[in-house]
Amino acid sequence: MSTGHKLCELTTVSLNVNDLETNFQLDDPPKPQDRVNVCEGGGLFLHSNGTVNGESSTKPERKCEKSENHVGSGTDSLSAAGRAKLCPVHERELQLYCSTEGRLTCSKCVSDGSCQGHKVTELVTRATVVRNQLVDVCEKMQLQALRIERFIDRTLTAREKAVQTDANSARERVLAQVNVVRDALEEEEQRLLEAIQREEERVEQCLLTQRAHWTHTLEKLTHTRTSLVHTLTHSTDTMIVSSNEEINDRIEDAEGAGEPRDTEQLTLNRGCSDSKLMLGLWASALLLGSCAHRLTTPHFEAQTVSPLLSLSSDQCTLTFLPKRQRQSPPYDPARFDSWPNALCSPPMSSGTHSWVLDVGMSAAFKVGVCYSSIERKGSGNASRLGYNKKSWVLSHYDGDLSFCHDGCNVGITVAKKLKRVGLLLDWPSQTLLFYDPESMSVLHVVRHAFSEPLLAACAVADQSVSIVH
């Protein structure tokens, strides 16, 4: 058996992680003609049945020289296995591999021995198969190591910064609300700050745990990959085939590392700053306190009113029209042409606003807010209040009350039918609150990072709804 079939000729190519991130897509599998893996020292090699880069293995650019430092006891066992070269029965050189029994054998065993009639291949052929399998495994380990490094360096670091930002935002919101009703909420303030602190500490602990786990996994994976690369580049065909079981154990252990994932556990739960007591007293202070906020005086814009509705002369009342009374108003790009909707002015993008609507006569209505960029034409959800990402409404239909946004409904239970619905929009805290003006009870609260000016919105499918001034 020639020397060319016993040695793996290697060409070392210098490549760093930044080059891999720029020129190599981690999600794309390596092409057969570009089999890349890491050699000792951080280099790369190309291997293809005794040839390197299309040239004969007798003229390599550089060979991976045999290292004097073995990697653990695994390399010692491989070296010991490499000395058993003769058949124990016939004392002939083991030049064949019996696939049936999974062991090396000699020609005598194949012709009239224990391996007679079995599936047998040349030792060099079997070694090439094993080597190529190791190349594939090492490639996968290299890519997995890059993904883990990226997860540690980018995702976890970004999450650490996000936690600080989210925690600070939560503190500011809590302190802003507590300042409105300081006398009654000193104990609540302390409780909420401690809850945020606990949540922040929980997320930070999760981040620390994740960082420690994946750092250890990366170190273990790197060590295993280095050991396999050493085995691949410093073992003879006999050694590498004889130690197949040991190699498989190493591979199985490395494959059990798993893949890193970004989860909600790494994000601050903003609900930790919620408080029914604080919210109710805060809204009451704004609406009824000694420095109570004056009601906003919105009015319906005529050019937005659907042809299914009529608008009163004072622009405060919308009435649903039966079919025989409907007319075709002049075309206007701002008008809703399919749903019974109408929008109010002025737009709201700062400060605190509150307004009340009389809904006692209607059995089917929606009241809330929406972006001015909401779609006005067509019968799709894009122009239907509460069924897109640009509108937030309280809906009453067939006796049921619910909050609607982006097609999701949240049921609301009330003791009796509402006569009026109040809305409170506090832009600094990005809070929208629906309440019952009669009992001053909170019906629903929305906290959302509003990105556009908001308009008061209304839909009527029965009788009429009016803005109360």
# chains A, B, ... in the order shown; residues from 1 in each chain; ligands from 1
>>> select_by_dssp(residues="region 310-457 of chain A", states="strand (DSSP E)", output="PyMOL selection string")
chain A and resi 310-311+317-320+341-345+352-358+364-371+391-397+400-405+408-412+420-426+431-436+441-447+454-457
>>> closest_residue(among="A:Ser379, A:Ser429, A:Thr222, A:Thr317", to="Ile467 (chain A)", atoms="only C-alpha atoms")
A:Thr317
>>> residues_around(residues="region 168-172 of chain A", least_positions_apart="2", cutoff="10 Å", atoms="only C-alpha atoms", output="PyMOL selection string")
chain A and resi 162-166+174-178+189+192-193+196-197+200+268-274+429
>>> residues_around(residues="Pro322 (chain A)", least_positions_apart="5", cutoff="10 Å", atoms="only C-alpha atoms", output="short mmCIF file (atom, residue, chain, number, x, y, z; two decimals) with N, CA, C and O atoms, in the first residue's frame")
data_model
loop_
_atom_site.label_atom_id
_atom_site.label_comp_id
_atom_site.auth_asym_id
_atom_site.auth_seq_id
_atom_site.Cartn_x
_atom_site.Cartn_y
_atom_site.Cartn_z
N LEU A 308 -72.71 55.36 5.25
CA LEU A 308 -73.67 54.60 6.04
C LEU A 308 -74.15 55.38 7.26
O LEU A 308 -75.06 54.94 7.97
N LEU A 309 -73.53 56.55 7.50
CA LEU A 309 -73.83 57.35 8.68
C LEU A 309 -74.25 58.76 8.27
O LEU A 309 -73.91 59.24 7.19
N ALA A 461 -73.30 50.99 14.23
CA ALA A 461 -74.11 50.10 13.40
C ALA A 461 -75.54 49.99 13.93
O ALA A 461 -76.32 49.13 13.46
N ASP A 462 -75.88 50.82 14.90
CA ASP A 462 -77.24 50.83 15.45
C ASP A 462 -77.50 52.16 16.14
O ASP A 462 -76.69 52.60 16.99
N GLN A 463 -78.58 52.81 15.80
CA GLN A 463 -78.98 54.08 16.43
C GLN A 463 -77.85 55.13 16.31
O GLN A 463 -77.29 55.30 15.25
#
>>> residues_around(residues="Cys370 (chain A)", least_positions_apart="2", cutoff="8 Å", atoms="only C-alpha atoms", output="count of residues only")
11
>>> residues_around(residues="Cys316 (chain A)", least_positions_apart="2", cutoff="6 Å", atoms="only C-alpha atoms", output="ChimeraX atom specification")
/A:299,314,466-467
>>> write_last_selection(atoms="C-alpha atoms", output="JSON list (two decimals), in the first residue's frame")
[["chain", "number", "residue", "atom", "x", "y", "z"],
["A", 299, "HIS", "CA", -65.53, 66.73, 16.83],
["A", 314, "ASP", "CA", -72.75, 70.38, 15.54],
["A", 466, "SER", "CA", -72.60, 61.32, 20.53],
["A", 467, "ILE", "CA", -69.53, 63.15, 21.89]]
>>> residues_around(residues="region 275-279 of chain A", least_positions_apart="5", cutoff="12 Å", atoms="only C-alpha atoms", output="PyMOL selection string")
chain A and resi 173-193+195-196+270+284-286+424+429+431-435+440-447
>>> closest_residue(among="A:Val465, A:Pro437, A:Asp237, A:Val369", to="His353 (chain A)", atoms="only C-alpha atoms")
A:Val369
